[in-house]
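Novice: For reference, this is final14.csv, and it has CSV, C-alpha atoms.
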```csv
chain,number,residue,atom,x,y,z
A,2,MET,CA,107.0,89.9,64.6
A,3,VAL,CA,107.1,87.3,67.3
A,4,ILE,CA,103.9,87.1,69.2
A,5,GLY,CA,103.7,84.8,72.2
A,6,GLN,CA,103.3,81.6,70.4
A,7,SER,CA,104.5,80.7,66.9
A,8,THR,CA,102.0,80.9,64.0
A,9,VAL,CA,98.7,79.9,65.4
A,10,LEU,CA,97.9,77.0,63.1
A,11,ALA,CA,101.1,75.3,64.2
A,12,ALA,CA,100.7,75.9,67.9
A,13,ALA,CA,101.0,73.0,70.2
A,14,PHE,CA,97.9,71.4,71.6
A,15,PRO,CA,97.1,70.9,74.5
A,16,PRO,CA,98.5,74.1,75.9
A,17,SER,CA,100.8,73.7,78.9
A,18,VAL,CA,102.7,75.8,81.4
A,19,GLU,CA,105.4,76.1,78.7
A,20,ASP,CA,103.2,78.5,76.9
A,21,PHE,CA,103.5,81.0,79.7
A,22,TYR,CA,107.3,81.3,79.3
A,23,LEU,CA,107.6,84.0,76.7
A,24,PRO,CA,110.7,84.7,74.5
A,25,SER,CA,113.0,87.4,75.7
A,26,ILE,CA,112.9,90.7,73.8
A,27,LEU,CA,116.1,92.3,74.8
A,28,PRO,CA,118.6,90.7,74.0
A,29,TRP,CA,116.6,89.3,71.2
A,30,GLY,CA,116.0,85.6,71.3
A,31,GLU,CA,118.4,84.7,74.1
A,32,HIS,CA,117.9,81.5,76.0
A,33,ASP,CA,119.5,82.1,79.3
A,34,ASN,CA,118.7,85.7,80.0
A,35,TYR,CA,115.0,86.4,80.5
A,36,TRP,CA,114.9,89.7,82.3
A,37,PHE,CA,113.0,91.6,79.6
A,38,THR,CA,110.1,89.8,78.0
A,39,LYS,CA,106.7,90.9,76.9
A,40,VAL,CA,105.6,90.6,80.6
A,41,THR,CA,108.1,93.2,81.8
A,42,LEU,CA,107.1,95.5,78.9
A,43,LEU,CA,103.4,95.1,79.9
A,44,ILE,CA,104.1,96.0,83.5
A,45,TRP,CA,105.9,99.1,82.4
A,46,VAL,CA,103.1,100.1,80.0
A,47,ALA,CA,100.5,99.6,82.8
A,48,VAL,CA,102.5,101.8,85.3
A,49,ALA,CA,103.0,104.5,82.6
A,50,ALA,CA,99.3,104.4,81.6
A,51,ILE,CA,98.0,104.9,85.1
A,52,ILE,CA,100.5,107.6,86.0
A,53,ILE,CA,99.9,109.5,82.7
A,54,PHE,CA,96.1,109.1,83.0
A,55,PHE,CA,95.9,110.6,86.5
A,56,LEU,CA,98.4,113.4,85.7
A,57,VAL,CA,96.6,114.4,82.5
A,58,SER,CA,93.2,114.4,84.0
A,59,TYR,CA,94.2,116.6,86.9
A,60,ARG,CA,96.1,119.1,84.9
A,61,LYS,CA,93.6,121.9,85.3
A,62,PRO,CA,90.9,120.7,87.8
A,63,LYS,CA,87.6,122.5,87.5
A,64,LEU,CA,84.8,122.6,90.0
A,65,VAL,CA,82.4,121.2,87.5
A,66,PRO,CA,84.5,118.3,86.3
A,67,THR,CA,85.3,117.5,82.7
A,68,LYS,CA,84.8,114.0,81.4
A,69,LYS,CA,88.3,112.8,82.0
A,70,GLN,CA,88.4,114.4,85.5
A,71,TRP,CA,85.1,112.8,86.3
A,72,LEU,CA,86.5,109.4,85.3
A,73,ALA,CA,89.6,109.8,87.5
A,74,GLU,CA,87.5,111.1,90.4
A,75,SER,CA,85.0,108.2,90.1
A,76,ALA,CA,87.8,105.7,90.2
A,77,TYR,CA,89.4,107.2,93.3
A,78,GLY,CA,86.0,107.9,94.9
A,79,PHE,CA,84.8,104.3,94.4
A,80,VAL,CA,87.9,102.9,96.2
A,81,ARG,CA,87.9,105.5,98.8
A,82,ASN,CA,84.2,105.3,99.7
A,83,ASN,CA,83.3,101.7,99.1
A,84,ILE,CA,86.5,100.0,100.1
A,85,ALA,CA,88.6,102.2,102.4
A,86,VAL,CA,85.9,104.0,104.4
A,87,ASP,CA,83.5,101.1,104.4
A,88,MET,CA,86.0,98.6,105.7
A,89,ILE,CA,88.3,100.6,107.9
A,90,GLY,CA,86.1,103.5,109.0
A,91,PRO,CA,86.9,107.2,109.0
A,92,ALA,CA,90.6,106.4,109.5
A,93,GLY,CA,90.6,104.7,106.2
A,94,VAL,CA,91.1,107.8,104.2
A,95,ARG,CA,94.8,107.6,105.0
A,96,PHE,CA,95.0,104.3,103.1
A,97,ALA,CA,92.8,105.3,100.1
A,98,PRO,CA,95.7,106.3,97.8
A,99,TYR,CA,97.6,103.1,98.2
A,100,LEU,CA,94.4,101.0,97.8
A,101,THR,CA,93.4,102.9,94.7
A,102,THR,CA,96.9,102.3,93.2
A,103,LEU,CA,96.7,98.7,94.1
A,104,PHE,CA,93.2,98.3,92.6
A,105,LEU,CA,94.0,100.1,89.3
A,106,PHE,CA,97.3,98.4,88.9
A,107,ILE,CA,95.8,94.9,89.3
A,108,LEU,CA,92.9,95.8,87.1
A,109,VAL,CA,94.9,97.2,84.2
A,110,ASN,CA,97.4,94.3,84.3
A,111,ASN,CA,94.6,91.7,84.4
A,112,PHE,CA,92.9,93.5,81.6
A,113,PHE,CA,95.9,92.9,79.3
A,114,GLY,CA,94.9,89.3,79.4
A,115,ILE,CA,91.9,89.8,77.2
A,116,VAL,CA,93.0,92.6,74.9
A,117,PRO,CA,93.5,91.0,71.5
A,118,LEU,CA,97.1,90.8,70.3
A,119,ILE,CA,98.3,91.2,73.9
A,120,GLN,CA,96.5,88.4,75.5
A,121,MET,CA,99.0,87.9,78.4
A,122,SER,CA,98.3,89.1,81.9
A,123,PRO,CA,101.5,89.7,84.0
A,124,MET,CA,99.4,88.6,87.0
A,125,SER,CA,99.5,85.1,85.6
A,126,HIS,CA,103.1,84.8,86.7
A,127,ILE,CA,103.4,84.1,90.4
A,128,ALA,CA,106.0,86.7,91.0
A,129,PHE,CA,103.8,89.8,90.7
A,130,PRO,CA,100.9,88.7,92.9
A,131,ALA,CA,103.5,87.4,95.4
A,132,VAL,CA,105.2,90.7,95.7
A,133,LEU,CA,101.8,92.6,96.1
A,134,ALA,CA,100.8,90.1,98.8
A,135,VAL,CA,104.0,90.6,100.6
A,136,ILE,CA,103.5,94.4,100.5
A,137,SER,CA,100.0,94.0,101.9
A,138,TYR,CA,101.3,91.6,104.6
A,139,VAL,CA,104.1,93.9,105.7
A,140,MET,CA,101.6,96.8,105.7
A,141,PHE,CA,99.0,95.4,107.9
A,142,ILE,CA,101.5,94.1,110.4
A,143,TYR,CA,103.4,97.4,110.5
A,144,VAL,CA,100.1,99.4,110.9
A,145,GLY,CA,99.0,97.1,113.7
A,146,MET,CA,102.4,97.3,115.5
A,147,ARG,CA,102.4,101.1,115.2
A,148,HIS,CA,98.9,101.4,116.6
A,149,HIS,CA,99.1,99.0,119.5
A,150,GLY,CA,102.7,98.7,120.2
A,151,PRO,CA,104.6,95.5,119.0
A,152,ILE,CA,104.0,93.1,121.9
A,153,LYS,CA,100.4,94.2,122.5
A,154,TYR,CA,99.7,93.8,118.8
A,155,PHE,CA,100.7,90.2,118.7
A,156,LYS,CA,98.9,89.5,121.9
A,157,HIS,CA,95.8,91.1,120.4
A,158,ALA,CA,96.1,89.2,117.2
A,159,LEU,CA,97.0,85.8,118.6
A,160,ILE,CA,95.0,85.3,121.8
A,161,PRO,CA,91.3,84.6,121.1
A,162,PRO,CA,88.6,85.1,123.8
A,163,ALA,CA,88.6,81.6,125.3
A,164,PRO,CA,89.2,79.9,128.7
A,165,TRP,CA,92.8,79.5,129.5
A,166,PHE,CA,93.0,75.7,129.2
A,167,ILE,CA,92.0,75.6,125.5
A,168,LEU,CA,94.4,78.3,124.5
A,169,PRO,CA,97.3,76.0,123.5
A,170,LEU,CA,94.9,74.3,121.0
A,171,LEU,CA,93.9,77.6,119.5
A,172,ILE,CA,97.0,79.7,119.4
A,173,PRO,CA,98.8,77.7,116.6
A,174,ILE,CA,95.6,77.8,114.6
A,175,GLU,CA,95.4,81.6,115.0
A,176,PHE,CA,99.0,82.1,114.1
A,177,PHE,CA,98.8,79.9,111.0
A,178,SER,CA,95.6,81.5,109.9
A,179,ASN,CA,96.6,85.1,110.5
A,180,PHE,CA,100.2,85.2,109.5
A,181,LEU,CA,100.7,82.3,107.1
A,182,VAL,CA,97.5,81.7,105.3
A,183,ARG,CA,96.7,85.4,104.6
A,184,PRO,CA,99.5,86.4,102.3
A,185,PHE,CA,99.7,83.0,100.7
A,186,SER,CA,96.0,83.0,99.9
A,187,LEU,CA,96.1,86.6,98.6
A,188,ALA,CA,98.8,85.8,96.1
A,189,VAL,CA,97.5,82.4,95.1
A,190,ARG,CA,93.9,83.5,94.6
A,191,LEU,CA,94.9,86.2,92.1
A,192,PHE,CA,97.5,84.1,90.4
A,193,ALA,CA,95.3,81.0,90.0
A,194,ASN,CA,92.4,82.9,88.7
A,195,MET,CA,94.5,84.7,86.0
A,196,PHE,CA,96.4,81.5,85.1
A,197,ALA,CA,93.3,79.4,84.9
A,198,GLY,CA,91.4,82.0,82.8
A,199,HIS,CA,94.2,82.3,80.3
A,200,MET,CA,94.6,78.5,80.1
A,201,LEU,CA,90.9,78.1,79.5
A,202,LEU,CA,90.9,80.6,76.6
A,203,LEU,CA,94.0,78.9,75.2
A,204,VAL,CA,92.3,75.5,75.3
A,205,PHE,CA,89.2,76.6,73.5
A,206,THR,CA,91.1,78.6,70.9
A,207,LEU,CA,93.7,76.0,70.1
A,208,GLY,CA,91.2,73.2,70.4
A,209,GLY,CA,89.3,74.8,67.5
A,210,PHE,CA,92.4,74.7,65.3
A,211,ALA,CA,93.5,71.3,66.5
A,212,MET,CA,90.1,69.9,65.5
A,213,ILE,CA,90.3,71.3,62.1
A,214,ASN,CA,93.9,70.0,61.7
A,215,ALA,CA,92.7,66.6,62.7
A,216,ASN,CA,89.6,66.2,60.5
A,217,VAL,CA,88.1,68.9,58.3
A,218,LEU,CA,84.6,67.6,58.9
A,219,LEU,CA,84.8,68.8,62.5
A,220,ALA,CA,84.7,72.4,61.3
A,221,PRO,CA,81.2,73.3,62.8
A,222,ILE,CA,82.5,72.1,66.2
A,223,SER,CA,85.5,74.3,65.7
A,224,VAL,CA,83.2,77.3,65.1
A,225,LEU,CA,81.3,76.3,68.3
A,226,SER,CA,84.6,76.2,70.2
A,227,TRP,CA,85.5,79.7,69.0
A,228,LEU,CA,82.1,81.0,70.0
A,229,LEU,CA,82.6,79.6,73.4
A,230,THR,CA,86.0,81.4,73.5
A,231,ILE,CA,84.1,84.7,73.0
A,232,ALA,CA,81.7,83.9,75.7
A,233,LEU,CA,84.5,82.9,78.1
A,234,THR,CA,86.3,86.1,77.3
A,235,MET,CA,83.3,88.0,78.7
A,236,LEU,CA,83.3,85.8,81.8
A,237,GLU,CA,87.0,86.4,82.1
A,238,PHE,CA,86.3,90.2,82.1
A,239,LEU,CA,84.0,89.6,85.1
A,240,VAL,CA,86.6,87.6,86.9
A,241,ILE,CA,89.3,90.2,86.2
A,242,CYS,CA,87.3,93.0,87.8
A,243,LEU,CA,86.2,90.8,90.7
A,244,GLN,CA,89.7,89.6,91.5
A,245,ALA,CA,91.1,93.1,91.6
A,246,TYR,CA,88.2,94.2,93.9
A,247,VAL,CA,88.6,91.1,96.2
A,248,PHE,CA,92.4,91.7,96.5
A,249,THR,CA,91.8,95.3,97.6
A,250,VAL,CA,88.9,94.6,99.9
A,251,LEU,CA,90.8,91.9,101.7
A,252,THR,CA,93.8,94.1,102.1
A,253,ALA,CA,91.5,96.8,103.6
A,254,SER,CA,89.9,94.2,105.8
A,255,TYR,CA,93.2,93.0,107.2
A,256,VAL,CA,94.2,96.6,108.0
A,257,GLN,CA,90.9,97.0,109.8
A,258,GLY,CA,91.5,93.9,111.8
A,259,ALA,CA,94.9,95.2,112.8
A,260,LEU,CA,93.5,98.5,113.8
A,261,ALA,CA,90.5,97.2,115.7
A,262,ASP,CA,90.2,98.1,119.4
A,263,GLU,CA,88.1,95.3,120.7
A,264,HIS,CA,88.0,93.5,124.1
B,6,MET,CA,86.7,83.9,104.2
B,7,THR,CA,87.9,84.0,107.7
B,8,ALA,CA,85.7,81.0,108.5
B,9,VAL,CA,87.3,78.8,105.8
B,10,SER,CA,90.7,80.0,106.7
B,11,TYR,CA,90.3,79.0,110.3
B,12,LEU,CA,89.1,75.6,109.4
B,13,ILE,CA,91.8,74.9,106.9
B,14,ALA,CA,94.5,76.3,109.2
B,15,GLY,CA,93.2,74.0,112.0
B,16,ILE,CA,93.3,70.9,109.8
B,17,LEU,CA,96.8,71.8,108.5
B,18,VAL,CA,98.4,72.7,111.8
B,19,TRP,CA,97.0,69.9,114.0
B,20,GLY,CA,97.0,67.4,111.2
B,21,GLY,CA,100.6,68.2,110.5
B,22,ILE,CA,101.5,67.8,114.2
B,23,GLY,CA,99.6,64.5,114.2
B,24,TRP,CA,101.5,63.4,111.1
B,25,LEU,CA,104.8,64.3,112.8
B,26,VAL,CA,103.8,62.2,115.8
B,27,ASP,CA,102.9,59.4,113.5
B,28,HIS,CA,106.3,59.6,111.8
B,29,PHE,CA,108.2,59.4,115.1
B,30,VAL,CA,106.1,56.8,116.7
B,31,GLY,CA,105.7,54.6,113.6
B,32,THR,CA,102.0,54.2,113.3
B,33,LYS,CA,100.4,54.5,109.9
B,34,GLY,CA,98.0,57.4,110.1
B,35,ILE,CA,95.9,57.4,113.3
B,36,PHE,CA,97.5,60.4,114.9
B,37,ALA,CA,97.1,62.5,111.8
B,38,GLY,CA,93.5,61.6,111.9
B,39,ILE,CA,93.1,62.5,115.6
B,40,GLY,CA,95.0,65.7,115.0
B,41,SER,CA,92.8,66.7,112.1
B,42,VAL,CA,89.6,66.2,114.1
B,43,LEU,CA,91.2,68.3,116.9
B,44,GLY,CA,92.1,71.0,114.5
B,45,VAL,CA,88.6,71.0,113.1
B,46,ALA,CA,87.2,71.3,116.6
B,47,GLY,CA,89.6,74.2,117.3
B,48,GLY,CA,88.7,75.9,114.1
B,49,VAL,CA,85.0,75.6,114.7
B,50,TYR,CA,85.4,77.0,118.3
B,51,LEU,CA,87.4,80.0,116.9
B,52,ILE,CA,84.7,80.7,114.3
B,53,VAL,CA,81.9,80.6,116.9
B,54,ARG,CA,83.9,82.9,119.2
B,55,ARG,CA,85.0,85.4,116.6
B,56,LEU,CA,82.2,85.5,114.1
B,57,GLY,CA,79.2,84.2,116.2
B,58,ALA,CA,77.0,85.6,118.8
C,4,MET,CA,85.5,35.0,90.9
C,5,LEU,CA,85.9,38.7,90.5
C,6,LEU,CA,82.6,40.3,89.5
C,7,ALA,CA,83.5,44.0,89.8
C,8,ASP,CA,86.7,45.8,90.6
C,9,VAL,CA,87.4,49.3,91.6
C,10,VAL,CA,91.0,50.4,90.8
C,11,GLY,CA,92.6,53.7,91.0
C,12,SER,CA,92.0,56.4,93.6
C,13,THR,CA,89.2,55.4,96.0
C,14,ALA,CA,90.1,58.5,98.0
C,15,ALA,CA,88.7,60.6,95.2
C,16,ILE,CA,85.5,58.5,95.1
C,17,GLY,CA,85.3,58.8,98.9
C,18,TYR,CA,85.7,62.6,98.8
C,19,GLY,CA,83.0,62.9,96.1
C,20,LEU,CA,80.6,61.0,98.3
C,21,ALA,CA,81.6,62.9,101.3
C,22,ALA,CA,80.9,66.3,99.7
C,23,ILE,CA,77.2,65.6,98.9
C,24,GLY,CA,76.0,66.2,102.4
C,25,PRO,CA,77.9,69.4,103.2
C,26,GLY,CA,77.0,70.8,99.8
C,27,ILE,CA,73.3,70.4,100.6
C,28,GLY,CA,73.8,71.6,104.1
C,29,VAL,CA,75.5,74.9,103.2
C,30,GLY,CA,72.9,75.5,100.6
C,31,LEU,CA,70.2,75.1,103.3
C,32,VAL,CA,71.9,77.5,105.7
C,33,PHE,CA,72.3,80.3,103.2
C,34,SER,CA,68.9,79.7,101.7
C,35,ALA,CA,67.4,80.1,105.2
C,36,TYR,CA,69.4,83.3,105.7
C,37,ILE,CA,68.3,84.8,102.3
C,38,GLN,CA,64.6,83.9,102.9
C,39,SER,CA,64.6,85.3,106.4
C,40,THR,CA,66.2,88.5,105.2
C,41,ALA,CA,63.7,88.8,102.4
C,42,ARG,CA,60.8,88.4,104.9
C,43,GLN,CA,62.1,90.9,107.4
C,44,PRO,CA,65.2,92.9,106.3
C,45,GLU,CA,65.9,94.3,109.8
C,46,SER,CA,66.7,90.8,111.1
C,47,SER,CA,69.7,90.4,108.8
C,48,ARG,CA,72.1,91.8,111.4
C,49,LEU,CA,70.7,89.5,114.1
C,50,THR,CA,70.9,86.3,112.1
C,51,LEU,CA,74.2,86.8,110.4
C,52,PRO,CA,76.3,85.4,113.3
C,53,TYR,CA,74.3,82.2,113.1
C,54,VAL,CA,75.1,81.9,109.4
C,55,TRP,CA,78.7,81.7,110.2
C,56,ILE,CA,78.3,79.2,113.0
C,57,GLY,CA,76.2,76.9,110.8
C,58,PHE,CA,78.6,77.3,107.9
C,59,ALA,CA,81.6,76.4,110.1
C,60,VAL,CA,80.2,73.3,111.5
C,61,ILE,CA,79.0,72.0,108.2
C,62,GLU,CA,82.0,72.9,106.2
C,63,ALA,CA,84.2,71.2,108.8
C,64,LEU,CA,82.9,67.8,107.7
C,65,ALA,CA,83.6,68.6,104.0
C,66,LEU,CA,87.2,69.7,104.8
C,67,LEU,CA,87.7,66.6,106.9
C,68,GLY,CA,86.7,64.6,103.8
C,69,ILE,CA,89.5,66.2,101.8
C,70,ALA,CA,92.1,65.8,104.6
C,71,PHE,CA,91.3,62.2,105.2
C,72,GLY,CA,91.5,61.5,101.5
C,73,PHE,CA,95.1,62.6,101.5
C,74,ILE,CA,96.2,61.2,104.9
C,75,TRP,CA,94.8,57.7,104.5
C,76,GLN,CA,95.7,56.9,100.9
C,77,GLY,CA,95.3,53.2,100.7
C,78,GLN,CA,95.9,52.3,104.3
C,79,LEU,CA,94.4,52.0,107.8
```
Once more with this new file: its structure as structure tokens, please.
Specialist:
Amino acid sequence: MVIGQSTVLAAAFPPSVEDFYLPSILPWGEHDNYWFTKVTLLIWVAVAAIIIFFLVSYRKPKLVPTKKQWLAESAYGFVRNNIAVDMIGPAGVRFAPYLTTLFLFILVNNFFGIVPLIQMSPMSHIAFPAVLAVISYVMFIYVGMRHHGPIKYFKHALIPPAPWFILPLLIPIEFFSNFLVRPFSLAVRLFANMFAGHMLLLVFTLGGFAMINANVLLAPISVLSWLLTIALTMLEFLVICLQAYVFTVLTASYVQGALADEH
Amino acid sequence: MTAVSYLIAGILVWGGIGWLVDHFVGTKGIFAGIGSVLGVAGGVYLIVRRLGA
Amino acid sequence: MLLADVVGSTAAIGYGLAAIGPGIGVGLVFSAYIQSTARQPESSRLTLPYVWIGFAVIEALALLGIAFGFIWQGQL
């Protein structure tokens, strides 16, 4: 069975970006047609897992929740109370379903990066964070335009409270920061964290094998390298949860900024 | 987060405009420098106005 | 007679030196905020805007360090 790299002892060191290009599964072993690889399969598994989990745990809801129902309610309640209502206010309940889906989708996909034998997070390919960032971007602009009216929304977003003669200095900065940096930084933050985490684990794992291949006397240092891999996997778990949370919180914060009724 | 984004946006936008002026006038880097400092000043002003008291 | 020679990217050395000051400065600002909130938690709301003002002015210098490292590579 072809796992991401070839047999581990013969894997190339140091790991490079080439290790992120996985072989295509369907059609098997093609070189020009990469539409279905392990990454696509993982995304479908994540979507199916989330849908099935919520459907099954709400099949017969009881007033005193069972364990699965409690888990599903906790996940939704956490995002609804601590992210949607905290950041957007009472009107945030409208956005809670989308934010829960976003949070759980990013969390499950990131989590595939540290499960042994899968070890590949779809979020380490720039396409998936980019599309999620574009969706959040379109969402907060659309919500702002629907709340304020299109021209007034841009006036509200772009004109800071400043005397009139400094405004030409500030308006390009506001435009760049609000409409260009936001989606770009959302996508790149998630992508870079997942990419770097995976690369780090690759370096320490393959480094252990490379050291043994080079000189057998380095075996204790290889063991140290593998112990560090385990420690880094735990750190990676923390980063995974944090990045999913930060993406969702920032989306909620941008929606709140678009809905704000100040000055 | 907003603070760092305003600062970086200020440097990029006005540094970029300064670099374009450099390119068309022919100097080696002075307008990009002036533009960056102006961008930093604008960014700091925006942060003080939006996030400060 | 050449006694010492620095070749390679002096922009990187320059940025490293330029980042010492703002690093200490931002640490001082946030440490003051944390200590003042520890002494009197009700004041956290009042002092938070000043945290951002202080952070902005200090971080501006650090970011200028990065920007000038790129703009003035080996010239001016």
Novice: Identify, on the basis of all atoms listed in the file, every residue whose closest approach to stretch 36-41 of chain B does not exceed 12 Å; exclude the query and any residue fewer than 4 positions from it along the same chain; express the result as a ChimeraX atom specification.
Specialist: /A:170,174 /B:12-32,45-48 /C:63-64,66-75,79
Novice: Grab the atom CA of C:Ala7 to atom CA of C:Gly24 distance for me, in Å with one decimal place.
Specialist: 26.6 Å
Novice: In terms of the shortest atom-to-atom distance over all atoms listed in the file, which of B:Gly44, B:Thr7, B:Gly34, B:Leu51 is closest to chain C?
Specialist: B:Gly34
Novice: Work out how far atom CA of B:Gly57 is from atom CA of C:Gly28, in Å to one decimal.
Specialist: 18.3 Å
Novice: Please report as a ChimeraX atom specification which residues of chain C come no farther than 6 Å from chain B, using all atoms listed in the file.
Specialist: /C:52,56,59
